[in-house]
file upload.txt (compact mmCIF, C-alpha atoms)
# COMPACT_ATOMS: atom_id res chain seq x y z
CA GLN A 1 -78.10 -72.17 -1.90
CA SER A 2 -79.00 -69.15 -4.05
CA ALA A 3 -76.46 -67.26 -6.06
CA LEU A 4 -75.14 -63.98 -4.73
CA THR A 5 -77.11 -60.95 -5.90
CA GLN A 6 -75.52 -58.47 -8.28
CA PRO A 7 -77.15 -55.71 -10.33
CA PRO A 8 -77.49 -56.90 -13.94
CA SER A 9 -75.91 -53.75 -15.32
CA ALA A 10 -73.81 -50.73 -14.41
CA SER A 11 -72.36 -47.91 -16.44
CA GLY A 12 -70.12 -44.89 -16.29
CA SER A 13 -68.24 -42.48 -18.48
CA PRO A 14 -64.49 -42.64 -19.04
CA GLY A 15 -62.65 -41.27 -16.04
CA GLN A 16 -65.58 -41.75 -13.68
CA SER A 17 -65.90 -44.27 -10.88
CA VAL A 18 -68.47 -47.04 -10.67
CA THR A 19 -69.29 -49.42 -7.84
CA ILE A 20 -70.82 -52.87 -8.27
CA SER A 21 -72.47 -54.55 -5.30
CA CYS A 22 -72.64 -58.23 -4.38
CA THR A 23 -75.17 -59.13 -1.72
CA GLY A 24 -75.24 -62.40 0.14
CA THR A 25 -76.01 -63.56 3.63
CA SER A 26 -74.25 -64.10 6.93
CA SER A 27 -73.56 -67.66 5.71
CA ASP A 28 -71.39 -66.50 2.84
CA VAL A 29 -70.31 -62.89 2.16
CA GLY A 30 -70.97 -61.73 5.69
CA GLY A 31 -69.42 -64.71 7.38
CA TYR A 32 -66.02 -64.93 5.71
CA ASN A 33 -63.39 -62.73 4.14
CA TYR A 34 -63.19 -64.88 1.04
CA VAL A 35 -64.86 -62.68 -1.54
CA SER A 36 -63.38 -62.63 -5.03
CA TRP A 37 -64.18 -60.60 -8.13
CA TYR A 38 -63.67 -61.71 -11.72
CA GLN A 39 -63.62 -59.74 -14.95
CA GLN A 40 -64.76 -61.49 -18.13
CA HIS A 41 -64.51 -60.06 -21.62
CA PRO A 42 -66.71 -61.56 -24.36
CA GLY A 43 -65.50 -64.96 -25.48
CA LYS A 44 -62.73 -65.03 -22.87
CA ALA A 45 -62.16 -66.89 -19.64
CA PRO A 46 -62.73 -64.98 -16.39
CA LYS A 47 -59.78 -63.24 -14.79
CA VAL A 48 -59.49 -62.66 -11.04
CA ILE A 49 -59.08 -58.98 -10.15
CA ILE A 50 -59.79 -59.05 -6.40
CA TYR A 51 -59.47 -61.83 -3.84
CA GLU A 52 -60.00 -62.05 -0.08
CA VAL A 53 -62.30 -59.00 -0.26
CA SER A 54 -59.70 -56.37 -1.12
CA LYS A 55 -56.44 -57.92 -2.30
CA ARG A 56 -55.28 -57.35 -5.86
CA PRO A 57 -53.29 -59.97 -7.76
CA SER A 58 -50.04 -58.85 -9.28
CA GLY A 59 -50.63 -56.95 -12.52
CA VAL A 60 -54.16 -55.76 -11.72
CA PRO A 61 -54.34 -51.95 -11.83
CA ASP A 62 -55.01 -50.19 -8.55
CA ARG A 63 -58.05 -48.63 -10.21
CA PHE A 64 -59.81 -51.79 -9.06
CA SER A 65 -60.61 -52.00 -5.37
CA GLY A 66 -62.78 -54.21 -3.20
CA SER A 67 -64.51 -53.81 0.14
CA LYS A 68 -67.15 -55.41 2.30
CA SER A 69 -69.75 -54.21 4.76
CA GLY A 70 -71.97 -56.74 6.47
CA ASN A 71 -73.44 -59.09 3.90
CA THR A 72 -72.57 -56.91 0.91
CA ALA A 73 -69.28 -56.78 -0.94
CA SER A 74 -68.43 -54.08 -3.43
CA LEU A 75 -66.10 -53.65 -6.38
CA THR A 76 -65.13 -50.10 -7.29
CA VAL A 77 -63.56 -49.25 -10.62
CA SER A 78 -62.01 -45.80 -10.59
CA GLY A 79 -60.88 -43.82 -13.61
CA LEU A 80 -63.01 -45.89 -15.96
CA GLN A 81 -61.35 -46.89 -19.20
CA ALA A 82 -62.84 -48.34 -22.36
CA GLU A 83 -61.16 -51.70 -21.71
CA ASP A 84 -63.00 -52.01 -18.39
CA GLU A 85 -66.19 -52.75 -20.33
CA ALA A 86 -66.84 -56.39 -19.42
CA ASP A 87 -68.91 -58.69 -17.25
CA TYR A 88 -67.99 -58.80 -13.58
CA TYR A 89 -68.72 -61.67 -11.22
CA CYS A 90 -68.34 -61.89 -7.48
CA SER A 91 -67.85 -65.13 -5.58
CA SER A 92 -67.75 -66.04 -1.93
CA TYR A 93 -66.89 -68.95 0.30
CA ALA A 94 -70.15 -70.32 1.68
CA GLY A 95 -69.02 -73.06 4.02
CA SER A 96 -67.22 -76.35 3.67
CA ASN A 97 -70.11 -77.99 1.82
CA ASN A 98 -70.42 -75.16 -0.71
CA PRO A 99 -67.02 -73.49 -0.88
CA VAL A 100 -67.63 -71.42 -4.00
CA LEU A 101 -70.78 -69.41 -4.67
CA PHE A 102 -70.92 -67.05 -7.65
CA GLY A 103 -73.03 -63.98 -8.23
CA GLY A 104 -75.29 -63.52 -11.22
CA GLY A 105 -72.89 -61.13 -12.92
CA THR A 106 -72.95 -57.43 -13.80
CA LYS A 107 -72.42 -56.05 -17.28
CA LEU A 108 -70.34 -52.88 -17.03
CA THR A 109 -70.74 -50.45 -19.91
CA VAL A 110 -68.34 -47.57 -20.46
CA LEU A 111 -70.39 -44.85 -22.08
CA GLN B 1 -46.09 -70.35 -15.67
CA ILE B 2 -49.38 -72.06 -14.87
CA THR B 3 -51.56 -73.18 -17.76
CA LEU B 4 -54.66 -75.35 -17.92
CA LYS B 5 -56.56 -76.79 -20.84
CA GLU B 6 -59.89 -78.59 -20.98
CA SER B 7 -60.60 -81.44 -23.37
CA GLY B 8 -63.56 -83.67 -24.06
CA PRO B 9 -66.55 -84.09 -26.36
CA THR B 10 -68.22 -81.05 -27.83
CA LEU B 11 -71.55 -82.84 -28.27
CA VAL B 12 -73.28 -85.34 -26.00
CA LYS B 13 -76.73 -86.84 -26.11
CA PRO B 14 -79.29 -86.49 -23.33
CA THR B 15 -78.86 -89.09 -20.55
CA GLN B 16 -75.22 -89.71 -21.53
CA THR B 17 -72.29 -89.20 -19.19
CA LEU B 18 -69.89 -86.35 -19.91
CA THR B 19 -66.20 -86.86 -19.15
CA LEU B 20 -63.95 -83.81 -19.24
CA THR B 21 -60.20 -83.74 -18.69
CA CYS B 22 -58.19 -80.79 -17.44
CA THR B 23 -54.49 -81.05 -18.31
CA PHE B 24 -52.30 -78.55 -16.53
CA SER B 25 -48.68 -77.49 -16.21
CA GLY B 26 -46.68 -75.17 -13.99
CA PHE B 27 -47.73 -76.77 -10.71
CA SER B 28 -48.23 -80.20 -9.19
CA LEU B 29 -51.35 -81.46 -7.47
CA SER B 30 -49.10 -83.30 -5.08
CA THR B 31 -47.85 -79.96 -3.71
CA ASN B 32 -49.32 -78.84 -0.41
CA GLY B 33 -52.16 -76.37 -0.94
CA MET B 34 -52.78 -76.85 -4.66
CA GLY B 35 -56.26 -77.38 -6.05
CA VAL B 36 -58.20 -77.52 -9.31
CA GLY B 37 -61.83 -76.60 -9.76
CA TRP B 38 -64.45 -76.88 -12.48
CA ILE B 39 -66.80 -74.03 -13.33
CA ARG B 40 -69.37 -73.86 -16.12
CA GLN B 41 -71.19 -71.07 -17.93
CA PRO B 42 -74.30 -71.62 -20.05
CA PRO B 43 -74.40 -69.37 -23.13
CA GLY B 44 -75.20 -65.82 -22.07
CA LYS B 45 -75.53 -66.79 -18.42
CA ALA B 46 -73.58 -66.61 -15.18
CA LEU B 47 -70.73 -68.71 -13.88
CA GLU B 48 -71.60 -71.77 -11.82
CA TRP B 49 -69.09 -73.60 -9.65
CA LEU B 50 -69.23 -77.39 -9.96
CA ALA B 51 -66.43 -79.17 -8.12
CA LEU B 52 -63.05 -78.78 -6.49
CA ILE B 53 -60.22 -81.20 -5.68
CA TYR B 54 -57.19 -80.50 -3.50
CA TRP B 55 -53.66 -81.90 -3.22
CA ASP B 56 -54.72 -84.13 -0.33
CA ASP B 57 -57.62 -85.60 -2.40
CA ASP B 58 -60.19 -83.54 -0.48
CA LYS B 59 -63.15 -83.20 -2.85
CA ARG B 60 -66.00 -80.70 -2.76
CA TYR B 61 -69.11 -80.58 -4.93
CA SER B 62 -71.89 -78.13 -5.68
CA PRO B 63 -74.78 -79.21 -3.46
CA SER B 64 -77.27 -78.85 -6.31
CA LEU B 65 -75.31 -81.18 -8.63
CA LYS B 66 -73.50 -83.39 -6.15
CA SER B 67 -75.35 -86.58 -7.09
CA ARG B 68 -74.24 -86.26 -10.72
CA LEU B 69 -70.61 -85.16 -10.33
CA THR B 70 -67.35 -87.00 -9.75
CA ILE B 71 -63.94 -85.32 -9.69
CA THR B 72 -60.67 -87.24 -9.66
CA LYS B 73 -57.00 -86.46 -10.12
CA ASP B 74 -54.06 -88.22 -11.73
CA THR B 75 -51.02 -86.57 -10.24
CA SER B 76 -48.58 -88.44 -12.47
CA LYS B 77 -50.30 -87.11 -15.61
CA ASN B 78 -51.05 -83.62 -14.25
CA GLN B 79 -54.71 -84.16 -15.00
CA VAL B 80 -58.06 -83.69 -13.29
CA VAL B 81 -61.15 -85.44 -14.62
CA LEU B 82 -64.76 -84.39 -14.12
CA THR B 83 -67.64 -86.69 -14.94
CA VAL B 84 -71.23 -85.51 -15.14
CA THR B 85 -73.91 -88.16 -15.39
CA ASN B 86 -77.35 -87.99 -16.94
CA MET B 87 -76.65 -84.98 -19.15
CA ASP B 88 -79.57 -82.76 -20.13
CA PRO B 89 -79.90 -79.89 -22.61
CA VAL B 90 -79.79 -77.44 -19.67
CA ASP B 91 -76.22 -78.65 -19.05
CA THR B 92 -75.14 -77.06 -22.33
CA ALA B 93 -72.35 -74.71 -21.30
CA THR B 94 -68.72 -73.75 -21.57
CA TYR B 95 -66.86 -75.81 -18.99
CA TYR B 96 -63.73 -74.29 -17.43
CA CYS B 97 -61.09 -75.77 -15.18
CA ALA B 98 -59.10 -73.43 -12.97
CA HIS B 99 -56.27 -73.43 -10.44
CA THR B 100 -56.65 -72.46 -6.80
CA GLU B 101 -54.31 -72.40 -3.85
CA TYR B 102 -55.70 -73.20 -0.42
CA TYR B 103 -53.14 -71.22 1.59
CA SER B 104 -53.05 -68.13 -0.62
CA GLY B 105 -56.24 -66.78 -2.09
CA ALA B 106 -58.31 -69.67 -0.88
CA TYR B 107 -61.50 -70.33 -2.85
CA CYS B 108 -60.31 -67.96 -5.56
CA PHE B 109 -59.40 -69.21 -9.04
CA ASP B 110 -56.29 -67.42 -10.25
CA TYR B 111 -55.56 -69.30 -13.47
CA TRP B 112 -58.21 -70.52 -15.89
CA GLY B 113 -58.29 -72.73 -18.93
CA GLN B 114 -59.72 -71.43 -22.19
CA GLY B 115 -62.93 -73.38 -21.67
CA THR B 116 -64.65 -75.99 -23.79
CA LEU B 117 -68.20 -75.68 -25.08
CA VAL B 118 -70.30 -78.79 -24.51
CA THR B 119 -73.66 -79.02 -26.24
CA VAL B 120 -76.29 -81.50 -25.12
CA SER B 121 -78.61 -82.47 -27.94
CA SER B 122 -80.07 -85.55 -29.51

call {"tool": "encode", "arguments": {"input": "upload.txt", "output": "structure tokens"}}
result
Amino acid sequence: QSALTQPPSASGSPGQSVTISCTGTSSDVGGYNYVSWYQQHPGKAPKVIIYEVSKRPSGVPDRFSGSKSGNTASLTVSGLQAEDEADYYCSSYAGSNNPVLFGGGTKLTVL
Amino acid sequence: QITLKESGPTLVKPTQTLTLTCTFSGFSLSTNGMGVGWIRQPPGKALEWLALIYWDDDKRYSPSLKSRLTITKDTSKNQVVLTVTNMDPVDTATYYCAHTEYYSGAYCFDYWGQGTLVTVSS
């Protein structure tokens, strides 16, 4: 099964909002509400920032929000800050035989 | 507090079998709902999920690598072991283990190890 599709890059100025998309199919993103988003800074392990489409783990700022429409999930970062510059990965449940499918990642640059 | 740490060889030769151990604390894999997964990331590339094992010994594997992967758990030692057979240079990557909870944030990895870089070269 192919990886979920994310734009390779995104950017925004401090204070602005940016949205990153994650496109799959009805067999993964569109079929289940198990979409997660991870933030990864260079040389560090990924950190979950959104799970089950729109839930935020404790400690994650509410500047990060998630949503889903059809086969596409989205991560919105509002009020961009310099520390938001990182790689972002989406993942989705894709059935019992392939429970975790990652996207190709998006490099977010804060201008 | 949940922590995980990967250990294993940093260099393996092509065709060899890689054995990685994830040693964790702060939870038990005998507790209902707990799980540990393995994810890898080639240098400069995206994350790739490899395998997952749950408290009830339910095991799941990436379809593209299933024939080469084996995941096991040792509940008494708080360890999960991943073996990858027939290693190839394209398997060079940082290998992460991570915690998941089936009944809360299913299929989401909420705690990660620091990762271990494995290089495949003769």

call {"tool": "closest_atom_pairs", "arguments": {"input": "upload.txt", "of": "chain A", "to": "chain B", "cutoff": "6 Å", "atoms": "only C-alpha atoms", "output": "tab-separated table"}}
result
residue	atom	partner	partner_atom	distance
A:Ala45	CA	B:Gln114	CA	5.8
A:Val48	CA	B:Asp110	CA	5.8
A:Asn98	CA	B:Ser62	CA	6.0
A:Gly104	CA	B:Ala46	CA	5.3
A:Gly105	CA	B:Ala46	CA	6.0

call {"tool": "atom_distance", "arguments": {"input": "upload.txt", "atom1": "CA of Glu85 (chain A)", "atom2": "CA of Ser7 (chain B)"}}
result
29.4 Å

call {"tool": "atom_distance", "arguments": {"input": "upload.txt", "atom1": "CA of Gln16 (chain B)", "atom2": "CA of Gln79 (chain B)"}}
result
22.2 Å

call {"tool": "atom_distance", "arguments": {"input": "upload.txt", "atom1": "CA of Gln16 (chain A)", "atom2": "CA of Lys68 (chain A)"}}
result
21.1 Å

call {"tool": "residues_around", "arguments": {"input": "upload.txt", "residues": "Ser78 (chain A)", "least_positions_apart": "2", "cutoff": "6 Å", "atoms": "only C-alpha atoms", "output": "list in words"}}
result
Ser17, Arg63 and Leu80 of chain A

call {"tool": "residues_around", "arguments": {"input": "upload.txt", "residues": "Tyr32 (chain A)", "least_positions_apart": "3", "cutoff": "7 Å", "atoms": "all atoms listed in the file", "output": "ChimeraX atom specification"}}
result
/A:28-29,93

call {"tool": "residues_near_point", "arguments": {"input": "upload.txt", "point": "(-68.3, -48.0, -5.5)", "cutoff": "10 Å", "atoms": "only C-alpha atoms", "output": "list in words"}}
result
Ser17, Val18, Thr19, Ile20, Ser21, Phe64, Ser65, Gly66, Ser67, Ala73, Ser74, Leu75, Thr76, Val77 and Ser78 of chain A

call {"tool": "closest_residue", "arguments": {"input": "upload.txt", "among": "A:Lys107, A:Ser92, A:Ser69, A:Val100", "to": "Ser36 (chain A)", "atoms": "all atoms listed in the file"}}
result
A:Ser92

call {"tool": "closest_residue", "arguments": {"input": "upload.txt", "among": "B:Thr70, B:Ser76, B:Thr3, B:Ser121", "to": "Cys22 (chain B)", "atoms": "all atoms listed in the file"}}
result
B:Thr3

call {"tool": "residues_near_point", "arguments": {"input": "upload.txt", "point": "(-78.5, -52.6, -8.6)", "cutoff": "10 Å", "atoms": "only C-alpha atoms", "output": "PDB file with C-alpha atoms, keeping the file's coordinate frame"}}
result
ATOM      1  CA  THR A   5     -77.110 -60.950  -5.900  1.00  0.00           C
ATOM      2  CA  GLN A   6     -75.520 -58.470  -8.280  1.00  0.00           C
ATOM      3  CA  PRO A   7     -77.150 -55.710 -10.330  1.00  0.00           C
ATOM      4  CA  PRO A   8     -77.490 -56.900 -13.940  1.00  0.00           C
ATOM      5  CA  SER A   9     -75.910 -53.750 -15.320  1.00  0.00           C
ATOM      6  CA  ALA A  10     -73.810 -50.730 -14.410  1.00  0.00           C
ATOM      7  CA  THR A  19     -69.290 -49.420  -7.840  1.00  0.00           C
ATOM      8  CA  ILE A  20     -70.820 -52.870  -8.270  1.00  0.00           C
ATOM      9  CA  SER A  21     -72.470 -54.550  -5.300  1.00  0.00           C
ATOM     10  CA  CYS A  22     -72.640 -58.230  -4.380  1.00  0.00           C
ATOM     11  CA  THR A 106     -72.950 -57.430 -13.800  1.00  0.00           C
TER      12      THR A 106
END

call {"tool": "decode", "arguments": {"input": "upload.txt", "residues": "region 60-95 of chain A", "atoms": "N, CA and C atoms", "output": "tab-separated table (two decimals), in the first residue's frame"}}
result
chain	number	residue	atom	x	y	z
A	60	VAL	N	0.32	19.72	24.36
A	60	VAL	CA	0.45	20.25	22.99
A	60	VAL	C	-0.37	21.54	22.89
A	61	PRO	N	0.26	22.61	22.44
A	61	PRO	CA	-0.47	23.90	22.37
A	61	PRO	C	-1.70	23.81	21.47
A	62	ASP	N	-2.73	24.60	21.82
A	62	ASP	CA	-3.94	24.57	21.01
A	62	ASP	C	-3.78	25.31	19.69
A	63	ARG	N	-2.56	25.76	19.42
A	63	ARG	CA	-2.26	26.32	18.09
A	63	ARG	C	-2.27	25.22	17.02
A	64	PHE	N	-2.14	23.99	17.48
A	64	PHE	CA	-2.16	22.85	16.57
A	64	PHE	C	-3.55	22.24	16.55
A	65	SER	N	-4.12	22.10	15.36
A	65	SER	CA	-5.44	21.50	15.26
A	65	SER	C	-5.50	20.58	14.05
A	66	GLY	N	-6.35	19.57	14.14
A	66	GLY	CA	-6.49	18.61	13.07
A	66	GLY	C	-7.94	18.47	12.62
A	67	SER	N	-8.11	18.09	11.36
A	67	SER	CA	-9.45	17.88	10.82
A	67	SER	C	-9.36	16.88	9.68
A	68	LYS	N	-10.53	16.48	9.20
A	68	LYS	CA	-10.57	15.53	8.09
A	68	LYS	C	-11.81	15.78	7.26
A	69	SER	N	-11.64	15.67	5.94
A	69	SER	CA	-12.76	15.76	5.03
A	69	SER	C	-12.55	14.73	3.93
A	70	GLY	N	-13.44	13.75	3.88
A	70	GLY	CA	-13.28	12.70	2.90
A	70	GLY	C	-11.97	11.94	3.11
A	71	ASN	N	-11.19	11.83	2.06
A	71	ASN	CA	-9.94	11.10	2.12
A	71	ASN	C	-8.74	11.96	2.47
A	72	THR	N	-8.98	13.20	2.86
A	72	THR	CA	-7.88	14.12	3.17
A	72	THR	C	-7.97	14.64	4.60
A	73	ALA	N	-6.88	14.45	5.33
A	73	ALA	CA	-6.75	15.02	6.66
A	73	ALA	C	-5.88	16.27	6.58
A	74	SER	N	-6.06	17.15	7.54
A	74	SER	CA	-5.30	18.39	7.54
A	74	SER	C	-4.81	18.73	8.94
A	75	LEU	N	-3.63	19.29	8.99
A	75	LEU	CA	-3.05	19.84	10.22
A	75	LEU	C	-2.92	21.34	10.02
A	76	THR	N	-3.48	22.10	10.93
A	76	THR	CA	-3.35	23.56	10.88
A	76	THR	C	-2.52	24.02	12.07
A	77	VAL	N	-1.53	24.83	11.78
A	77	VAL	CA	-0.72	25.45	12.82
A	77	VAL	C	-1.03	26.94	12.78
A	78	SER	N	-1.62	27.43	13.84
A	78	SER	CA	-1.98	28.84	13.92
A	78	SER	C	-0.94	29.60	14.74
A	79	GLY	N	-0.83	30.91	14.47
A	79	GLY	CA	0.11	31.70	15.24
A	79	GLY	C	1.51	31.12	15.18
A	80	LEU	N	2.00	30.91	13.96
A	80	LEU	CA	3.29	30.27	13.76
A	80	LEU	C	4.38	30.87	14.63
A	81	GLN	N	5.18	29.96	15.20
A	81	GLN	CA	6.32	30.39	15.99
A	81	GLN	C	7.58	29.73	15.42
A	82	ALA	N	8.72	30.32	15.71
A	82	ALA	CA	9.98	29.82	15.17
A	82	ALA	C	10.19	28.35	15.52
A	83	GLU	N	9.77	27.94	16.71
A	83	GLU	CA	10.00	26.55	17.13
A	83	GLU	C	9.09	25.55	16.43
A	84	ASP	N	8.15	26.05	15.63
A	84	ASP	CA	7.28	25.15	14.87
A	84	ASP	C	7.99	24.63	13.61
A	85	GLU	N	9.13	25.23	13.28
A	85	GLU	CA	9.88	24.78	12.11
A	85	GLU	C	10.38	23.36	12.36
A	86	ALA	N	9.88	22.42	11.56
A	86	ALA	CA	10.15	20.99	11.78
A	86	ALA	C	9.56	20.21	10.61
A	87	ASP	N	9.78	18.91	10.63
A	87	ASP	CA	9.11	18.02	9.69
A	87	ASP	C	7.83	17.51	10.34
A	88	TYR	N	6.79	17.38	9.55
A	88	TYR	CA	5.51	16.91	10.06
A	88	TYR	C	5.07	15.68	9.24
A	89	TYR	N	4.65	14.66	9.96
A	89	TYR	CA	4.21	13.42	9.33
A	89	TYR	C	2.80	13.08	9.78
A	90	CYS	N	1.98	12.66	8.82
A	90	CYS	CA	0.68	12.14	9.18
A	90	CYS	C	0.76	10.61	9.15
A	91	SER	N	-0.17	9.98	9.84
A	91	SER	CA	-0.30	8.53	9.76
A	91	SER	C	-1.78	8.19	9.89
A	92	SER	N	-2.14	7.05	9.37
A	92	SER	CA	-3.52	6.60	9.42
A	92	SER	C	-3.59	5.10	9.58
A	93	TYR	N	-4.63	4.66	10.26
A	93	TYR	CA	-4.97	3.23	10.28
A	93	TYR	C	-5.43	2.87	8.88
A	94	ALA	N	-4.97	1.69	8.40
A	94	ALA	CA	-5.31	1.29	7.04
A	94	ALA	C	-5.80	-0.16	7.01
A	95	GLY	N	-6.44	-0.58	8.09
A	95	GLY	CA	-6.96	-1.93	8.13
A	95	GLY	C	-6.14	-2.84	9.00
